[in-house]
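**Q** Provided herewith: my_file.cif, mmCIF, C-alpha atoms.
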data_data
#
loop_
_atom_site.group_PDB
_atom_site.id
_atom_site.type_symbol
_atom_site.label_atom_id
_atom_site.label_comp_id
_atom_site.auth_asym_id
_atom_site.auth_seq_id
_atom_site.Cartn_x
_atom_site.Cartn_y
_atom_site.Cartn_z
ATOM 1 C CA MET A 1 0.000 0.000 0.000
ATOM 2 C CA THR A 2 1.154 3.491 -0.776
ATOM 3 C CA ARG A 3 -0.092 6.709 0.743
ATOM 4 C CA PHE A 4 -1.460 9.140 -1.831
ATOM 5 C CA ARG A 5 -2.402 12.770 -1.469
ATOM 6 C CA VAL A 6 -5.494 13.610 -3.525
ATOM 7 C CA ALA A 7 -6.720 17.105 -4.383
ATOM 8 C CA ILE A 8 -10.399 17.614 -5.187
ATOM 9 C CA HIS A 9 -12.208 20.630 -6.601
ATOM 10 C CA ILE A 10 -15.942 20.927 -5.888
ATOM 11 C CA VAL A 11 -17.915 23.748 -7.513
ATOM 12 C CA PRO A 12 -21.582 24.674 -7.850
ATOM 13 C CA ARG A 13 -22.981 23.155 -11.030
ATOM 14 C CA ARG A 14 -22.937 25.484 -14.026
ATOM 15 C CA GLY A 15 -26.401 26.781 -14.702
ATOM 16 C CA LEU A 16 -27.323 26.997 -11.027
ATOM 17 C CA LEU A 17 -27.243 30.418 -9.408
ATOM 18 C CA ASP A 18 -23.997 30.852 -7.426
ATOM 19 C CA PRO A 19 -24.531 34.045 -5.427
ATOM 20 C CA GLN A 20 -21.058 33.917 -3.870
ATOM 21 C CA GLY A 21 -19.494 33.647 -7.304
ATOM 22 C CA LYS A 22 -21.639 36.546 -8.506
ATOM 23 C CA ALA A 23 -20.549 38.687 -5.530
ATOM 24 C CA VAL A 24 -16.874 37.918 -6.200
ATOM 25 C CA SER A 25 -17.300 38.659 -9.903
ATOM 26 C CA ASP A 26 -18.952 42.012 -9.096
ATOM 27 C CA ALA A 27 -16.146 42.873 -6.646
ATOM 28 C CA LEU A 28 -13.479 42.068 -9.244
ATOM 29 C CA HIS A 29 -15.272 44.275 -11.763
ATOM 30 C CA SER A 30 -15.321 47.149 -9.311
ATOM 31 C CA LEU A 31 -11.555 46.704 -8.844
ATOM 32 C CA GLY A 32 -11.128 47.214 -12.564
ATOM 33 C CA PHE A 33 -10.823 43.603 -13.687
ATOM 34 C CA ALA A 34 -13.415 44.164 -16.355
ATOM 35 C CA ALA A 35 -12.380 41.052 -18.279
ATOM 36 C CA VAL A 36 -13.648 38.720 -15.558
ATOM 37 C CA GLY A 37 -16.678 36.703 -16.555
ATOM 38 C CA ASP A 38 -18.343 33.900 -14.634
ATOM 39 C CA VAL A 39 -16.947 33.102 -11.159
ATOM 40 C CA ARG A 40 -17.922 30.011 -9.179
ATOM 41 C CA VAL A 41 -16.967 29.620 -5.529
ATOM 42 C CA GLY A 42 -16.549 26.082 -4.294
ATOM 43 C CA ARG A 43 -14.398 23.976 -2.005
ATOM 44 C CA HIS A 44 -10.928 22.519 -2.348
ATOM 45 C CA LEU A 45 -10.168 19.365 -0.381
ATOM 46 C CA VAL A 46 -6.822 17.668 0.082
ATOM 47 C CA LEU A 47 -6.990 14.205 1.600
ATOM 48 C CA ASP A 48 -4.496 11.420 2.229
ATOM 49 C CA THR A 49 -5.501 7.861 1.512
ATOM 50 C CA ASP A 50 -3.747 4.492 1.259
ATOM 51 C CA ALA A 51 -4.168 2.575 -1.968
ATOM 52 C CA GLU A 52 -2.474 -0.052 -4.123
ATOM 53 C CA SER A 53 -1.971 2.417 -6.958
ATOM 54 C CA ALA A 54 -2.718 5.957 -8.048
ATOM 55 C CA GLU A 55 -5.582 4.588 -10.146
ATOM 56 C CA ALA A 56 -7.067 2.806 -7.142
ATOM 57 C CA ALA A 57 -6.747 5.971 -5.035
ATOM 58 C CA ARG A 58 -8.501 7.972 -7.735
ATOM 59 C CA ALA A 59 -11.306 5.414 -8.019
ATOM 60 C CA SER A 60 -11.765 5.421 -4.256
ATOM 61 C CA VAL A 61 -11.925 9.222 -4.074
ATOM 62 C CA GLN A 62 -14.383 9.222 -6.970
ATOM 63 C CA ARG A 63 -16.730 7.142 -4.811
ATOM 64 C CA MET A 64 -16.137 9.408 -1.786
ATOM 65 C CA CYS A 65 -17.175 12.395 -3.897
ATOM 66 C CA GLU A 66 -20.282 10.651 -5.182
ATOM 67 C CA GLN A 67 -21.372 9.518 -1.728
ATOM 68 C CA LEU A 68 -20.444 12.452 0.507
ATOM 69 C CA LEU A 69 -17.982 15.125 -0.549
ATOM 70 C CA ALA A 70 -20.081 16.608 -3.356
ATOM 71 C CA ASN A 71 -23.853 16.997 -3.459
ATOM 72 C CA PRO A 72 -24.969 15.192 -6.616
ATOM 73 C CA VAL A 73 -27.965 17.532 -6.958
ATOM 74 C CA THR A 74 -26.053 20.794 -7.048
ATOM 75 C CA GLU A 75 -22.297 20.314 -7.354
ATOM 76 C CA ASP A 76 -19.708 19.057 -9.809
ATOM 77 C CA PHE A 77 -16.367 17.694 -8.686
ATOM 78 C CA HIS A 78 -13.007 17.159 -10.302
ATOM 79 C CA ILE A 79 -10.102 15.144 -8.949
ATOM 80 C CA ALA A 80 -7.319 17.586 -9.707
ATOM 81 C CA ALA A 81 -4.242 15.660 -8.575
ATOM 82 C CA VAL A 82 -3.168 12.300 -7.171
ATOM 83 C CA GLU A 83 0.400 12.296 -5.838
ATOM 84 C CA SER A 84 2.483 10.143 -3.540
ATOM 85 C CA ALA A 85 2.213 11.610 -0.055
ATOM 86 C CA MET B 1 -49.171 10.468 20.596
ATOM 87 C CA LYS B 2 -45.474 10.563 21.413
ATOM 88 C CA VAL B 3 -43.081 12.876 19.637
ATOM 89 C CA GLY B 4 -39.351 12.177 19.351
ATOM 90 C CA ILE B 5 -37.267 15.322 18.901
ATOM 91 C CA ILE B 6 -33.799 14.553 17.562
ATOM 92 C CA ARG B 7 -30.902 16.412 19.142
ATOM 93 C CA PHE B 8 -27.695 16.809 17.180
ATOM 94 C CA PRO B 9 -24.695 18.794 18.371
ATOM 95 C CA GLY B 10 -25.672 22.240 17.095
ATOM 96 C CA SER B 11 -29.455 21.756 17.129
ATOM 97 C CA ASN B 12 -31.043 24.912 18.521
ATOM 98 C CA CYS B 13 -34.772 24.621 17.829
ATOM 99 C CA ASP B 14 -35.206 21.390 19.782
ATOM 100 C CA GLU B 15 -36.611 23.189 22.815
ATOM 101 C CA ASP B 16 -38.958 25.289 20.668
ATOM 102 C CA ALA B 17 -40.304 22.059 19.195
ATOM 103 C CA TYR B 18 -40.687 20.548 22.665
ATOM 104 C CA HIS B 19 -42.531 23.635 23.906
ATOM 105 C CA ALA B 20 -44.890 23.594 20.911
ATOM 106 C CA VAL B 21 -45.663 19.890 21.246
ATOM 107 C CA VAL B 22 -45.978 19.690 25.014
ATOM 108 C CA ASP B 23 -47.345 23.089 26.024
ATOM 109 C CA HIS B 24 -49.479 23.937 23.013
ATOM 110 C CA LEU B 25 -50.447 20.630 21.391
ATOM 111 C CA GLY B 26 -50.644 18.869 24.746
ATOM 112 C CA ALA B 27 -48.807 15.768 23.578
ATOM 113 C CA GLU B 28 -45.872 13.859 25.050
ATOM 114 C CA ALA B 29 -42.386 14.587 23.743
ATOM 115 C CA VAL B 30 -38.955 13.090 24.338
ATOM 116 C CA TYR B 31 -35.496 14.138 23.198
ATOM 117 C CA CYS B 32 -33.530 11.570 21.211
ATOM 118 C CA TRP B 33 -29.760 12.035 21.338
ATOM 119 C CA HIS B 34 -28.007 11.697 17.997
ATOM 120 C CA LYS B 35 -25.632 8.995 19.251
ATOM 121 C CA ASP B 36 -28.450 6.742 20.391
ATOM 122 C CA HIS B 37 -30.276 4.169 18.326
ATOM 123 C CA ASP B 38 -33.519 4.601 20.242
ATOM 124 C CA LEU B 39 -36.534 6.610 19.108
ATOM 125 C CA GLN B 40 -38.168 5.693 22.445
ATOM 126 C CA GLY B 41 -41.381 4.576 20.797
ATOM 127 C CA ALA B 42 -42.030 7.912 19.099
ATOM 128 C CA ASP B 43 -44.990 8.029 16.701
ATOM 129 C CA LEU B 44 -43.758 11.252 15.125
ATOM 130 C CA VAL B 45 -40.126 12.287 14.660
ATOM 131 C CA ILE B 46 -39.148 15.946 14.468
ATOM 132 C CA LEU B 47 -35.805 16.870 12.918
ATOM 133 C CA PRO B 48 -35.425 20.354 14.401
ATOM 134 C CA GLY B 49 -33.655 23.454 13.186
ATOM 135 C CA GLY B 50 -30.152 24.508 14.067
ATOM 136 C CA PHE B 51 -26.645 24.088 12.762
ATOM 137 C CA SER B 52 -25.947 20.402 13.243
ATOM 138 C CA TYR B 53 -22.211 19.734 13.194
ATOM 139 C CA GLY B 54 -21.598 23.410 12.484
ATOM 140 C CA ASP B 55 -22.885 22.967 8.920
ATOM 141 C CA TYR B 56 -19.486 21.435 8.133
ATOM 142 C CA LEU B 57 -19.083 20.419 4.477
ATOM 143 C CA ARG B 58 -22.718 21.349 3.704
ATOM 144 C CA PRO B 59 -25.718 21.893 5.992
ATOM 145 C CA GLY B 60 -27.023 18.460 6.979
ATOM 146 C CA ALA B 61 -24.226 16.522 5.283
ATOM 147 C CA ILE B 62 -22.655 15.163 8.480
ATOM 148 C CA ALA B 63 -25.823 14.770 10.579
ATOM 149 C CA ARG B 64 -26.981 12.215 8.063
ATOM 150 C CA PHE B 65 -24.332 9.837 9.470
ATOM 151 C CA SER B 66 -25.416 10.111 13.109
ATOM 152 C CA PRO B 67 -26.473 6.751 14.592
ATOM 153 C CA ILE B 68 -30.010 8.005 15.270
ATOM 154 C CA MET B 69 -30.493 8.775 11.577
ATOM 155 C CA GLN B 70 -30.516 5.051 10.781
ATOM 156 C CA GLU B 71 -33.569 4.805 13.043
ATOM 157 C CA VAL B 72 -35.150 7.925 11.559
ATOM 158 C CA VAL B 73 -34.751 6.548 8.033
ATOM 159 C CA ALA B 74 -36.205 3.179 9.123
ATOM 160 C CA HIS B 75 -39.096 5.026 10.815
ATOM 161 C CA ALA B 76 -39.762 6.936 7.585
ATOM 162 C CA GLN B 77 -39.514 3.775 5.488
ATOM 163 C CA ARG B 78 -42.221 2.210 7.671
ATOM 164 C CA GLY B 79 -44.450 5.088 6.586
ATOM 165 C CA ALA B 80 -44.371 6.816 9.977
ATOM 166 C CA PRO B 81 -44.339 10.622 9.978
ATOM 167 C CA VAL B 82 -41.236 12.828 10.039
ATOM 168 C CA LEU B 83 -41.460 16.615 10.332
ATOM 169 C CA ALA B 84 -38.193 18.124 9.120
ATOM 170 C CA ILE B 85 -37.838 21.819 9.892
ATOM 171 C CA CYS B 86 -35.115 24.158 8.606
ATOM 172 C CA ASN B 87 -31.820 22.344 9.325
ATOM 173 C CA GLY B 88 -33.994 19.238 9.614
ATOM 174 C CA PHE B 89 -35.135 19.823 6.002
ATOM 175 C CA GLN B 90 -31.495 20.100 4.943
ATOM 176 C CA ILE B 91 -30.693 16.861 6.781
ATOM 177 C CA ALA B 92 -33.688 15.075 5.237
ATOM 178 C CA CYS B 93 -32.527 16.078 1.752
ATOM 179 C CA GLU B 94 -28.956 14.938 2.460
ATOM 180 C CA ALA B 95 -30.289 11.643 3.830
ATOM 181 C CA GLY B 96 -32.322 11.044 0.683
ATOM 182 C CA LEU B 97 -35.679 11.246 2.497
ATOM 183 C CA LEU B 98 -36.658 14.187 0.290
ATOM 184 C CA PRO B 99 -35.530 15.226 -3.213
ATOM 185 C CA GLY B 100 -33.481 18.321 -3.964
ATOM 186 C CA ALA B 101 -31.143 20.457 -1.879
ATOM 187 C CA LEU B 102 -31.081 23.716 0.080
ATOM 188 C CA LEU B 103 -28.438 26.191 -1.103
ATOM 189 C CA ARG B 104 -27.130 29.508 0.187
ATOM 190 C CA ASN B 105 -29.751 32.271 0.072
ATOM 191 C CA ALA B 106 -29.327 34.161 -3.199
ATOM 192 C CA HIS B 107 -28.723 37.498 -1.459
ATOM 193 C CA LEU B 108 -26.132 35.828 0.826
ATOM 194 C CA ARG B 109 -27.800 37.149 3.976
ATOM 195 C CA PHE B 110 -29.275 35.255 6.885
ATOM 196 C CA VAL B 111 -33.030 35.891 6.886
ATOM 197 C CA CYS B 112 -34.939 36.059 10.156
ATOM 198 C CA GLU B 113 -38.470 37.331 9.693
ATOM 199 C CA GLN B 114 -42.145 36.469 9.472
ATOM 200 C CA VAL B 115 -43.097 35.327 5.985
ATOM 201 C CA HIS B 116 -46.381 34.476 4.323
ATOM 202 C CA LEU B 117 -46.902 30.953 3.055
ATOM 203 C CA ARG B 118 -49.678 29.646 0.885
ATOM 204 C CA VAL B 119 -50.958 26.175 1.697
ATOM 205 C CA GLU B 120 -50.811 24.365 -1.644
ATOM 206 C CA SER B 121 -52.130 20.984 -0.547
ATOM 207 C CA ILE B 122 -54.289 19.811 2.309
ATOM 208 C CA ALA B 123 -54.240 16.207 1.116
ATOM 209 C CA THR B 124 -51.369 15.464 3.490
ATOM 210 C CA ARG B 125 -51.293 14.329 7.098
ATOM 211 C CA PHE B 126 -49.496 17.586 7.919
ATOM 212 C CA THR B 127 -51.987 20.064 6.490
ATOM 213 C CA SER B 128 -55.513 18.656 6.788
ATOM 214 C CA ARG B 129 -56.510 21.392 9.268
ATOM 215 C CA TYR B 130 -55.737 24.170 6.777
ATOM 216 C CA HIS B 131 -57.654 24.951 3.614
ATOM 217 C CA VAL B 132 -56.231 25.078 0.119
ATOM 218 C CA GLY B 133 -54.913 28.527 -0.740
ATOM 219 C CA GLN B 134 -54.895 29.632 2.892
ATOM 220 C CA VAL B 135 -52.206 32.220 3.587
ATOM 221 C CA ILE B 136 -50.428 31.696 6.906
ATOM 222 C CA ARG B 137 -47.698 33.593 8.733
ATOM 223 C CA ILE B 138 -44.697 31.566 9.881
ATOM 224 C CA PRO B 139 -41.172 32.776 10.663
ATOM 225 C CA VAL B 140 -38.052 31.817 8.739
ATOM 226 C CA ALA B 141 -34.512 31.927 10.139
ATOM 227 C CA HIS B 142 -31.871 30.552 7.813
ATOM 228 C CA GLY B 143 -28.860 31.270 5.639
ATOM 229 C CA ASP B 144 -29.167 28.241 3.377
ATOM 230 C CA GLY B 145 -32.797 27.906 2.364
ATOM 231 C CA ARG B 146 -32.846 28.187 -1.408
ATOM 232 C CA TYR B 147 -34.701 25.098 -2.535
ATOM 233 C CA THR B 148 -33.100 23.670 -5.657
ATOM 234 C CA ALA B 149 -33.875 20.597 -7.717
ATOM 235 C CA ASP B 150 -33.551 19.539 -11.333
ATOM 236 C CA GLY B 151 -36.365 20.191 -13.795
ATOM 237 C CA ASP B 152 -37.722 16.652 -13.747
ATOM 238 C CA THR B 153 -37.901 16.623 -9.951
ATOM 239 C CA LEU B 154 -39.716 19.980 -9.906
ATOM 240 C CA GLU B 155 -42.235 18.769 -12.472
ATOM 241 C CA ARG B 156 -42.846 15.616 -10.463
ATOM 242 C CA LEU B 157 -43.286 17.556 -7.208
ATOM 243 C CA GLU B 158 -45.758 19.926 -8.842
ATOM 244 C CA GLY B 159 -47.585 17.250 -10.818
ATOM 245 C CA GLU B 160 -48.088 14.974 -7.844
ATOM 246 C CA GLY B 161 -49.097 17.722 -5.463
ATOM 247 C CA HIS B 162 -46.017 17.404 -3.282
ATOM 248 C CA VAL B 163 -45.326 21.113 -3.022
ATOM 249 C CA VAL B 164 -47.077 21.856 0.267
ATOM 250 C CA PHE B 165 -46.065 25.449 1.067
ATOM 251 C CA ARG B 166 -44.993 28.318 -1.167
ATOM 252 C CA TYR B 167 -43.650 31.758 -0.260
ATOM 253 C CA VAL B 168 -46.237 34.379 -1.201
ATOM 254 C CA ASP B 169 -47.123 37.972 -0.413
ATOM 255 C CA ALA B 170 -49.853 38.868 2.074
ATOM 256 C CA GLY B 171 -52.425 38.590 -0.701
ATOM 257 C CA GLY B 172 -51.379 35.044 -1.530
ATOM 258 C CA HIS B 173 -49.546 35.903 -4.747
ATOM 259 C CA VAL B 174 -46.324 34.167 -5.715
ATOM 260 C CA THR B 175 -43.862 37.014 -6.253
ATOM 261 C CA HIS B 176 -40.115 37.437 -6.454
ATOM 262 C CA GLU B 177 -40.191 39.866 -3.510
ATOM 263 C CA ALA B 178 -42.038 37.387 -1.291
ATOM 264 C CA ASN B 179 -39.342 34.759 -1.805
ATOM 265 C CA PRO B 180 -36.827 35.215 1.045
ATOM 266 C CA ASN B 181 -34.060 33.076 -0.440
ATOM 267 C CA ALA B 182 -34.806 32.681 -4.185
ATOM 268 C CA SER B 183 -36.088 29.128 -3.816
ATOM 269 C CA MET B 184 -37.080 27.615 -7.135
ATOM 270 C CA ARG B 185 -40.800 28.219 -7.780
ATOM 271 C CA ASN B 186 -41.037 29.876 -4.332
ATOM 272 C CA ILE B 187 -41.036 26.414 -2.736
ATOM 273 C CA ALA B 188 -41.025 26.563 1.079
ATOM 274 C CA GLY B 189 -42.055 22.999 1.920
ATOM 275 C CA ILE B 190 -42.477 19.623 0.209
ATOM 276 C CA VAL B 191 -43.584 16.099 1.067
ATOM 277 C CA ASN B 192 -42.067 12.855 -0.176
ATOM 278 C CA GLY B 193 -43.881 10.477 -2.502
ATOM 279 C CA ALA B 194 -45.329 8.427 0.340
ATOM 280 C CA GLY B 195 -46.581 11.595 2.018
ATOM 281 C CA ASN B 196 -45.069 10.874 5.435
ATOM 282 C CA VAL B 197 -42.015 13.149 5.379
ATOM 283 C CA LEU B 198 -42.527 16.923 5.281
ATOM 284 C CA GLY B 199 -39.564 19.238 4.872
ATOM 285 C CA MET B 200 -39.979 22.978 5.287
ATOM 286 C CA MET B 201 -37.610 25.894 5.879
ATOM 287 C CA PRO B 202 -40.104 28.026 7.883
ATOM 288 C CA HIS B 203 -40.605 27.225 11.566
ATOM 289 C CA PRO B 204 -44.166 26.147 12.467
ATOM 290 C CA GLU B 205 -42.970 25.354 16.007
ATOM 291 C CA ARG B 206 -42.209 29.047 16.484
ATOM 292 C CA ALA B 207 -45.729 30.037 15.427
ATOM 293 C CA VAL B 208 -47.863 28.474 18.138
ATOM 294 C CA ASP B 209 -48.919 31.507 20.163
ATOM 295 C CA THR B 210 -50.446 34.796 18.997
ATOM 296 C CA LEU B 211 -48.613 36.444 21.894
ATOM 297 C CA ILE B 212 -45.368 36.122 19.934
ATOM 298 C CA GLY B 213 -46.772 36.932 16.539
ATOM 299 C CA SER B 214 -48.626 33.957 15.109
ATOM 300 C CA ALA B 215 -50.304 30.679 15.973
ATOM 301 C CA ASP B 216 -50.513 29.583 12.337
ATOM 302 C CA GLY B 217 -48.156 26.655 12.952
ATOM 303 C CA LEU B 218 -50.484 24.957 15.409
ATOM 304 C CA PRO B 219 -52.896 23.494 12.814
ATOM 305 C CA LEU B 220 -49.912 21.616 11.357
ATOM 306 C CA LEU B 221 -49.300 19.893 14.688
ATOM 307 C CA HIS B 222 -53.018 19.238 15.128
ATOM 308 C CA SER B 223 -53.206 17.760 11.619
ATOM 309 C CA LEU B 224 -50.417 15.351 12.568
ATOM 310 C CA ALA B 225 -52.164 14.448 15.809
ATOM 311 C CA ASP B 226 -55.398 13.794 13.877
ATOM 312 C CA SER B 227 -53.599 11.514 11.435
ATOM 313 C CA LEU B 228 -51.953 9.497 14.205
ATOM 314 C CA LEU B 229 -55.234 9.175 16.082
ATOM 315 C CA ALA B 230 -56.918 7.956 12.894
ATOM 316 C CA GLU B 231 -54.251 5.246 12.534
ATOM 317 C CA VAL B 232 -54.786 4.037 16.077
ATOM 318 C CA GLY B 233 -58.535 4.064 15.555
ATOM 319 C CA ALA B 234 -58.313 2.067 12.328
#
Here is a file; write its structure as structure tokens.

**A**
Amino acid sequence: MTRFRVAIHIVPRRGLLDPQGKAVSDALHSLGFAAVGDVRVGRHLVLDTDAESAEAARASVQRMCEQLLANPVTEDFHIAAVESA
Amino acid sequence: MKVGIIRFPGSNCDEDAYHAVVDHLGAEAVYCWHKDHDLQGADLVILPGGFSYGDYLRPGAIARFSPIMQEVVAHAQRGAPVLAICNGFQIACEAGLLPGALLRNAHLRFVCEQVHLRVESIATRFTSRYHVGQVIRIPVAHGDGRYTADGDTLERLEGEGHVVFRYVDAGGHVTHEANPNASMRNIAGIVNGAGNVLGMMPHPERAVDTLIGSADGLPLLHSLADSLLAEVGA
């Protein structure tokens, strides 16, 4: 078994109103960053898990996201990185 | 009639629920600690408002894993009634007892005020003492109350009469201004397909005495008592 460090991005699903993202976008515009378009505010998780391989760690985290870490009704997730811890 | 009020770390409307049930409805109530597996013979379970587990991850996401929730889900699957209020509604959605999810209020502010609700269905064990279209005053107090579901789920809820309460103005009209959190279709409360689990963001247990603003929540408790009495009588 190897210990892996897995990074996960979870963001509100596109198409659903994200008022935090809208507030951040408006604030960036008022700072002069006029080029900014859509902003979505989500969560970033970093977790350590033991697995036989990076693929197995990724598959395990995929299930964690589906069952708990992301809400399947309102959020999308992306496993951004799987590295040896 | 015995009412089991679930207590999670962070529940804060448990005593309001107890007061409403015991002092105003005149029924027996017991507290059920989240670590226990015992509903103590409760006929009705109330999932009260609050901030269970500090709303960590998402409101209701962690409470769903409390030992007592296995019993609450089994209770619901037997067809017995569950009244899920505010954080309880969020927990019920996370636990899969009700469809959809409650997201951050669109204006990002905590809302704490009396709102008007329109009773959309009285064909439930929770609302038989109201009349269809009745406008009632019940307080809300939440930061994450924006009811959200996919299009198919919304159509099913509407088509099957499972939208029970909607945010309206004093005249009973569904308006943008009357919607305190931008819930889809102004939805304030829904029942599940079997009709035994009601989730609502407003607090009927805080509207049981005209002295503090409204007693419009009492008929909900009486409706539940009627339905339980009818079961015993059958």

**Q** Just so the selection is clear, what residues does the PyMOL selection byres ((chain B and resi 212-224) around 8) cover here, as a list in words?

**A** Ala20, Val21, His24, Leu25, Arg125, Phe126, Thr127, Ser128, Arg129, Tyr130, Ile136, Arg137, Ile138, His203, Pro204, Glu205, Arg206, Ala207, Val208, Asp209, Thr210, Leu211, Ala225, Asp226, Ser227 and Leu228 of chain B

**Q** Starting from the displayed file, determine the output of the PyMOL selection byres ((chain A) within 9 of (chain B)) and express the residue list as an MDAnalysis selection string.

**A** chainID A and resid 16:20 23 43 68:71 73:74

**Q** Report, in Å with one decimal, the straight-line distance from atom CA of B:Gln114 to atom CA of B:His162.

**A** 23.3 Å

**Q** On this structure, the PyMOL selection byres ((chain A and resi 77) around 9) would catch which residues? List them as a VMD selection string, sorted by chain and number.

**A** chain A and resid 8 to 13 62 65 to 66 69 to 70 75 to 76 78 to 79

**Q** If we count only C-alpha atoms and set the cut-off at 10 Å, which residues sit around B:Gly171, ignoring sequence neighbours fewer than 4 positions away in its own chain? Please answer as a ChimeraX atom specification.

**A** /B:116,118,134-135

**Q** Find the residues near B:Ala141: any atom within 12 Å, counting all atoms listed in the file, skip ones fewer than 2 places away on the same chain, and give them as a ChimeraX atom specification.

**A** /B:12-13,49-51,85-87,105,109-115,138-139,143-145,180-181,200-204,206

**Q** Report, in Å to a single decimal, how far apart atom CA of B:Val164 and atom CA of B:Glu120 are.

**A**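 Atom-to-atom, atom CA of B:Glu120 and atom CA of B:Val164 are spaced 4.9 Å apart.
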
**Q** Give me the residues near B:Gly193 as a compact mmCIF listing (two decimals) with C-alpha atoms, in the coordinates of the input, where near means some atom within 10 Å (using all atoms listed in the file) and where sequence neighbours in that chain fewer than 4 positions away do not count.

**A**
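The result, stored in result_33.txt:
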# COMPACT_ATOMS: atom_id res chain seq x y z
CA LEU B 97 -35.68 11.25 2.50
CA LEU B 98 -36.66 14.19 0.29
CA PRO B 99 -35.53 15.23 -3.21
CA ARG B 156 -42.85 15.62 -10.46
CA LEU B 157 -43.29 17.56 -7.21
CA GLU B 160 -48.09 14.97 -7.84
CA GLY B 161 -49.10 17.72 -5.46
CA HIS B 162 -46.02 17.40 -3.28
CA VAL B 197 -42.02 13.15 5.38
